[in-house]
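*Asks:* Let me give you the structure first, and then I'll get to my questions.
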Amino acid sequence: MDFLALLELFGSGVWGTVKLFTVTLVGSLVLGTILAAMRVSPTPVLRIAASAYINIVRNTPLTLVMFFCAFGLPFLDIRFGDSSSFNSFVYATLALTAYTACFVAETLKAGIATIPVGQAEAARAIGLTFNQTLTQVILPQAFRTVIPPLGNVIIAMLKNTSIASAFNNRELISAMRNAIELRGDLVIPILFGTAVAYLILALILGRIFSYLERKLVILR
Amino acid sequence: MSAPTEVLFDAPGPKARRNNVILSIVSTIVLAGLIAWIIWKFADAGQLEPEKWYPFTFAQIQLVLLDGMLATLKVAAVASVLALAVGVVFALLRLSSKRIISVPATIILEFFRGVPVLLLIFATFLLFGNTIGPFWSVVIGLTLYNGMVLAEIIRAGILAVPKGQREAAMAIGLRPGQVMSLVLMPQALRAMMPTIVAQIVVLLKDSALGFIVTYQDLLYQVNLIGREYNNLLPTFIVGAALFIIINMIVASFARWLERRLQRKTTADVEGEGLTTAPVR
């Protein structure tokens, strides 16, 4: 097991983490926006359902959510593909999405609260409906104001993808465990390398978000 | 409900009220259908039969679950105390006026804050697991990560204390150490208490990770019982309910603390200080 092979192992690990991260990013942004919209909607049932969901899942450890998805769903005969590795991937992204969406929704709701009241009042005054007010006036502004806290949520999610390693997923931590099994003499460099890989990924994300912040954020 | 949510839509007129009722009914049906589908799935997998839930009436099983819960709480409690200590120390190191102290402290802090807590638990477990066991591996991993996050929160709190406090304390002749321990730190800790407690909730949630390094916590016992009696989902629901209840108690304690502290005079921390959100 030479250095190059180790590097290749790590490369596939990073790729696995990036895959998990990207799918979850899209999923949690969509679900989070829907949850936030439900929380501010005029229909009480939707408001109650969204806040109940957020309160319960937010107070559940991600390990527990993933435990349910990875072990519970197959028990209920809910499967998504033939290969077990693809199934594990879907279960892990489902859990990560369900969990992260709560924090996205909470952040967005805080963002909606910072939009000056006049904006919504003006939108209503010109006769926009709730849907139009939300999607054309409030949410575009809310998204731009919450970019910095949203960045924190997303970076935390990147770190949370590590938990998927315990449920049959190929990503950085499982690559690290493989590498340590193969080269027991290099434990410390391998651990350090994994940490550096995560730091680099987080650094790239931080850069992207500070760029977005410079470009888009509305200062109030 | 905060003000802006009520501003988003007009006070409903007759038509809007009718639409609202229809929408309510439709969404109730959809939600009820979703719940019914989940229950049907459970029943289909035979997880709702009484004998699957029967084991929970055994004192033995209840004791095992209780043991697991206590093990989880023990990790969380020890790690919280240690993390607070580490947090205070690193906040002070980072605020040190000597660069030779503050720069390495910043590097260490950013390093441990930037990596997943699971990696830290694994690292401790792989390097020292044989001598210190899984309990301390989890505790040290949680302490390193959350300690650094708490350090940032405490530092933000200290920086947010009005400048006049520090100047006044120095003017009456207190030494730098006294200024910090008697004047700045108490105000910072108090102002940041809600954020600190919120981070403790995060720590409590992360303590569930112990199961991955074979620490015999709640989730480990759930897995064991579930496999033994072939009732994984009922056991899981019982375990999840225990976890969620504990977390909600601590989280509502944080909210109560926040409300209570707002009533009293605290250091004026507007702007940057209080917005340091807990890192999940």
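So you can find residues: chains in the structure tokens are A, B, ... in the order shown, residues in each start at 1, and ligands are numbered from 1 in order.
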Which residues are near stretch 6-15 of chain A? Cut-off 8 Å, only C-alpha atoms, ignore same chain within fewer than 2 positions. Put them as a list in words.

*Replies:* Met1, Asp2, Phe3, Leu4, Thr17, Val18, Lys19, Arg170, Glu171, Leu172, Ile173, Ser174, Ala175, Met176, Ala179 and Ala197 of chain A

*Asks:* Would you write out, as JSON lines, a table of all residues in chain A that have an atom no more than 6 Å from an atom of chain B, listing for each the closest atom pair and the distance in Å to one decimal, considering only C-alpha atoms and ordering rows by chain and rising residue number?

*Replies:*
{"residue": "A:Val40", "atom": "CA", "partner": "B:Thr5", "partner_atom": "CA", "distance": 5.3}
{"residue": "A:Thr43", "atom": "CA", "partner": "B:Asn20", "partner_atom": "CA", "distance": 6.0}
{"residue": "A:Val45", "atom": "CA", "partner": "B:Ser24", "partner_atom": "CA", "distance": 5.8}
{"residue": "A:Asn59", "atom": "CA", "partner": "B:Ile244", "partner_atom": "CA", "distance": 5.5}
{"residue": "A:Thr60", "atom": "CA", "partner": "B:Ile244", "partner_atom": "CA", "distance": 5.5}
{"residue": "A:Pro61", "atom": "CA", "partner": "B:Lys205", "partner_atom": "CA", "distance": 4.6}
{"residue": "A:Leu76", "atom": "CA", "partner": "B:Ala45", "partner_atom": "CA", "distance": 5.6}
{"residue": "A:Ala113", "atom": "CA", "partner": "B:Pro4", "partner_atom": "CA", "distance": 5.6}
{"residue": "A:Ala120", "atom": "CA", "partner": "B:Leu8", "partner_atom": "CA", "distance": 5.5}
{"residue": "A:Phe130", "atom": "CA", "partner": "B:Phe9", "partner_atom": "CA", "distance": 5.5}
{"residue": "A:Ala156", "atom": "CA", "partner": "B:Arg280", "partner_atom": "CA", "distance": 5.7}
{"residue": "A:Lys159", "atom": "CA", "partner": "B:Pro116", "partner_atom": "CA", "distance": 4.7}
{"residue": "A:Ala195", "atom": "CA", "partner": "B:Val115", "partner_atom": "CA", "distance": 5.8}
{"residue": "A:Tyr198", "atom": "CA", "partner": "B:Val115", "partner_atom": "CA", "distance": 5.9}
{"residue": "A:Leu199", "atom": "CA", "partner": "B:Gly114", "partner_atom": "CA", "distance": 5.7}

*Asks:* How would you write, as a CSV table (one decimal) with C-alpha atoms, in the first residue's frame, the set of residues in stretch 79-116 of chain A that DSSP gives as helix (DSSP H, G or I)?

*Replies:*
chain,number,residue,atom,x,y,z
A,84,SER,CA,-27.2,-1.6,-1.1
A,85,SER,CA,-24.6,1.2,-1.5
A,86,PHE,CA,-27.0,3.4,-3.4
A,87,ASN,CA,-29.7,2.7,-0.8
A,88,SER,CA,-27.4,3.7,2.0
A,89,PHE,CA,-26.6,6.9,0.1
A,90,VAL,CA,-30.3,7.8,-0.3
A,91,TYR,CA,-31.0,7.0,3.4
A,92,ALA,CA,-28.1,9.2,4.5
A,93,THR,CA,-29.1,12.1,2.3
A,94,LEU,CA,-32.7,11.8,3.4
A,95,ALA,CA,-31.6,12.0,7.0
A,96,LEU,CA,-29.3,14.9,6.4
A,97,THR,CA,-31.9,16.8,4.4
A,98,ALA,CA,-34.6,16.2,7.0
A,99,TYR,CA,-32.3,17.4,9.7
A,100,THR,CA,-30.7,20.4,8.0
A,101,ALA,CA,-33.9,21.7,6.5
A,102,CYS,CA,-35.1,22.5,10.0
A,103,PHE,CA,-32.1,24.8,10.5
A,104,VAL,CA,-32.5,26.3,7.1
A,105,ALA,CA,-36.2,27.0,7.8
A,106,GLU,CA,-35.4,28.6,11.2
A,107,THR,CA,-32.7,30.8,9.6
A,108,LEU,CA,-35.0,31.9,6.8
A,109,LYS,CA,-37.8,32.7,9.3
A,110,ALA,CA,-35.4,34.9,11.2
A,111,GLY,CA,-34.5,36.5,7.8
A,112,ILE,CA,-38.2,37.1,7.0
A,113,ALA,CA,-38.6,38.8,10.4
A,114,THR,CA,-35.8,41.3,9.4

*Asks:* Just how far from atom CA of A:Glu181 is atom CA of B:Ser137, in Å to one decimal?

*Replies:*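 Between atom CA of B:Ser137 and atom CA of A:Glu181 the gap works out to 19.3 Å.
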
*Asks:* For atom CA of B:Val86 and atom CA of A:Leu64, determine how far apart the two atoms are, in Å to one decimal place.

*Replies:*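 We find that atom CA of B:Val86 and atom CA of A:Leu64 lie 27.6 Å from each other.
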
*Asks:* Which one of A:Leu46, A:Ala122, A:Val30, A:Leu62 sits closest to A:Thr161 if you count only C-alpha atoms?

*Replies:*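 Going through A:Leu46, A:Ala122, A:Val30, A:Leu62 one by one, the smallest distance to A:Thr161 is for A:Leu62.
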
*Asks:* Might you pull out every residue within 8 Å of stretch 132-136 of chain B, with only C-alpha atoms counted and same-chain residues fewer than 2 positions away left off, and present them as a PDB file with C-alpha atoms, in the first residue's frame?

*Replies:*
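Output file selection_23.pdb is given in full below:
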ATOM      1  CA  VAL B  75     -21.074  11.940  28.904  1.00  0.00           C
ATOM      2  CA  PHE B 125     -10.499   6.641  20.354  1.00  0.00           C
ATOM      3  CA  PHE B 128      -5.757   6.587  23.251  1.00  0.00           C
ATOM      4  CA  GLY B 129      -8.852   4.374  23.231  1.00  0.00           C
ATOM      5  CA  ASN B 130      -7.034   1.365  24.661  1.00  0.00           C
ATOM      6  CA  VAL B 138     -16.299  10.589  23.600  1.00  0.00           C
ATOM      7  CA  VAL B 139     -15.855  13.127  26.389  1.00  0.00           C
ATOM      8  CA  ILE B 140     -12.525  14.382  25.046  1.00  0.00           C
ATOM      9  CA  GLY B 210     -20.819   7.663  21.364  1.00  0.00           C
ATOM     10  CA  VAL B 213     -17.285   4.113  19.054  1.00  0.00           C
ATOM     11  CA  THR B 214     -19.099   1.341  20.969  1.00  0.00           C
ATOM     12  CA  TYR B 215     -19.849   3.467  24.019  1.00  0.00           C
TER      13      TYR B 215
END

*Asks:* Could you give me, as a list in words, the residues within 8 Å of A:Ile155, counting only C-alpha atoms and dropping anything in the same chain fewer than 2 positions from it?

*Replies:*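 My reading of the contact set: Gly151, Asn152, Val153, Met157, Leu158, Lys159, Ala202, Leu205 and Gly206 of chain A.
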
*Asks:* Would you work out the distance separating atom CA of A:Pro140 from atom CA of A:Val217, expressed in Å to one decimal?

*Replies:* 10.8 Å
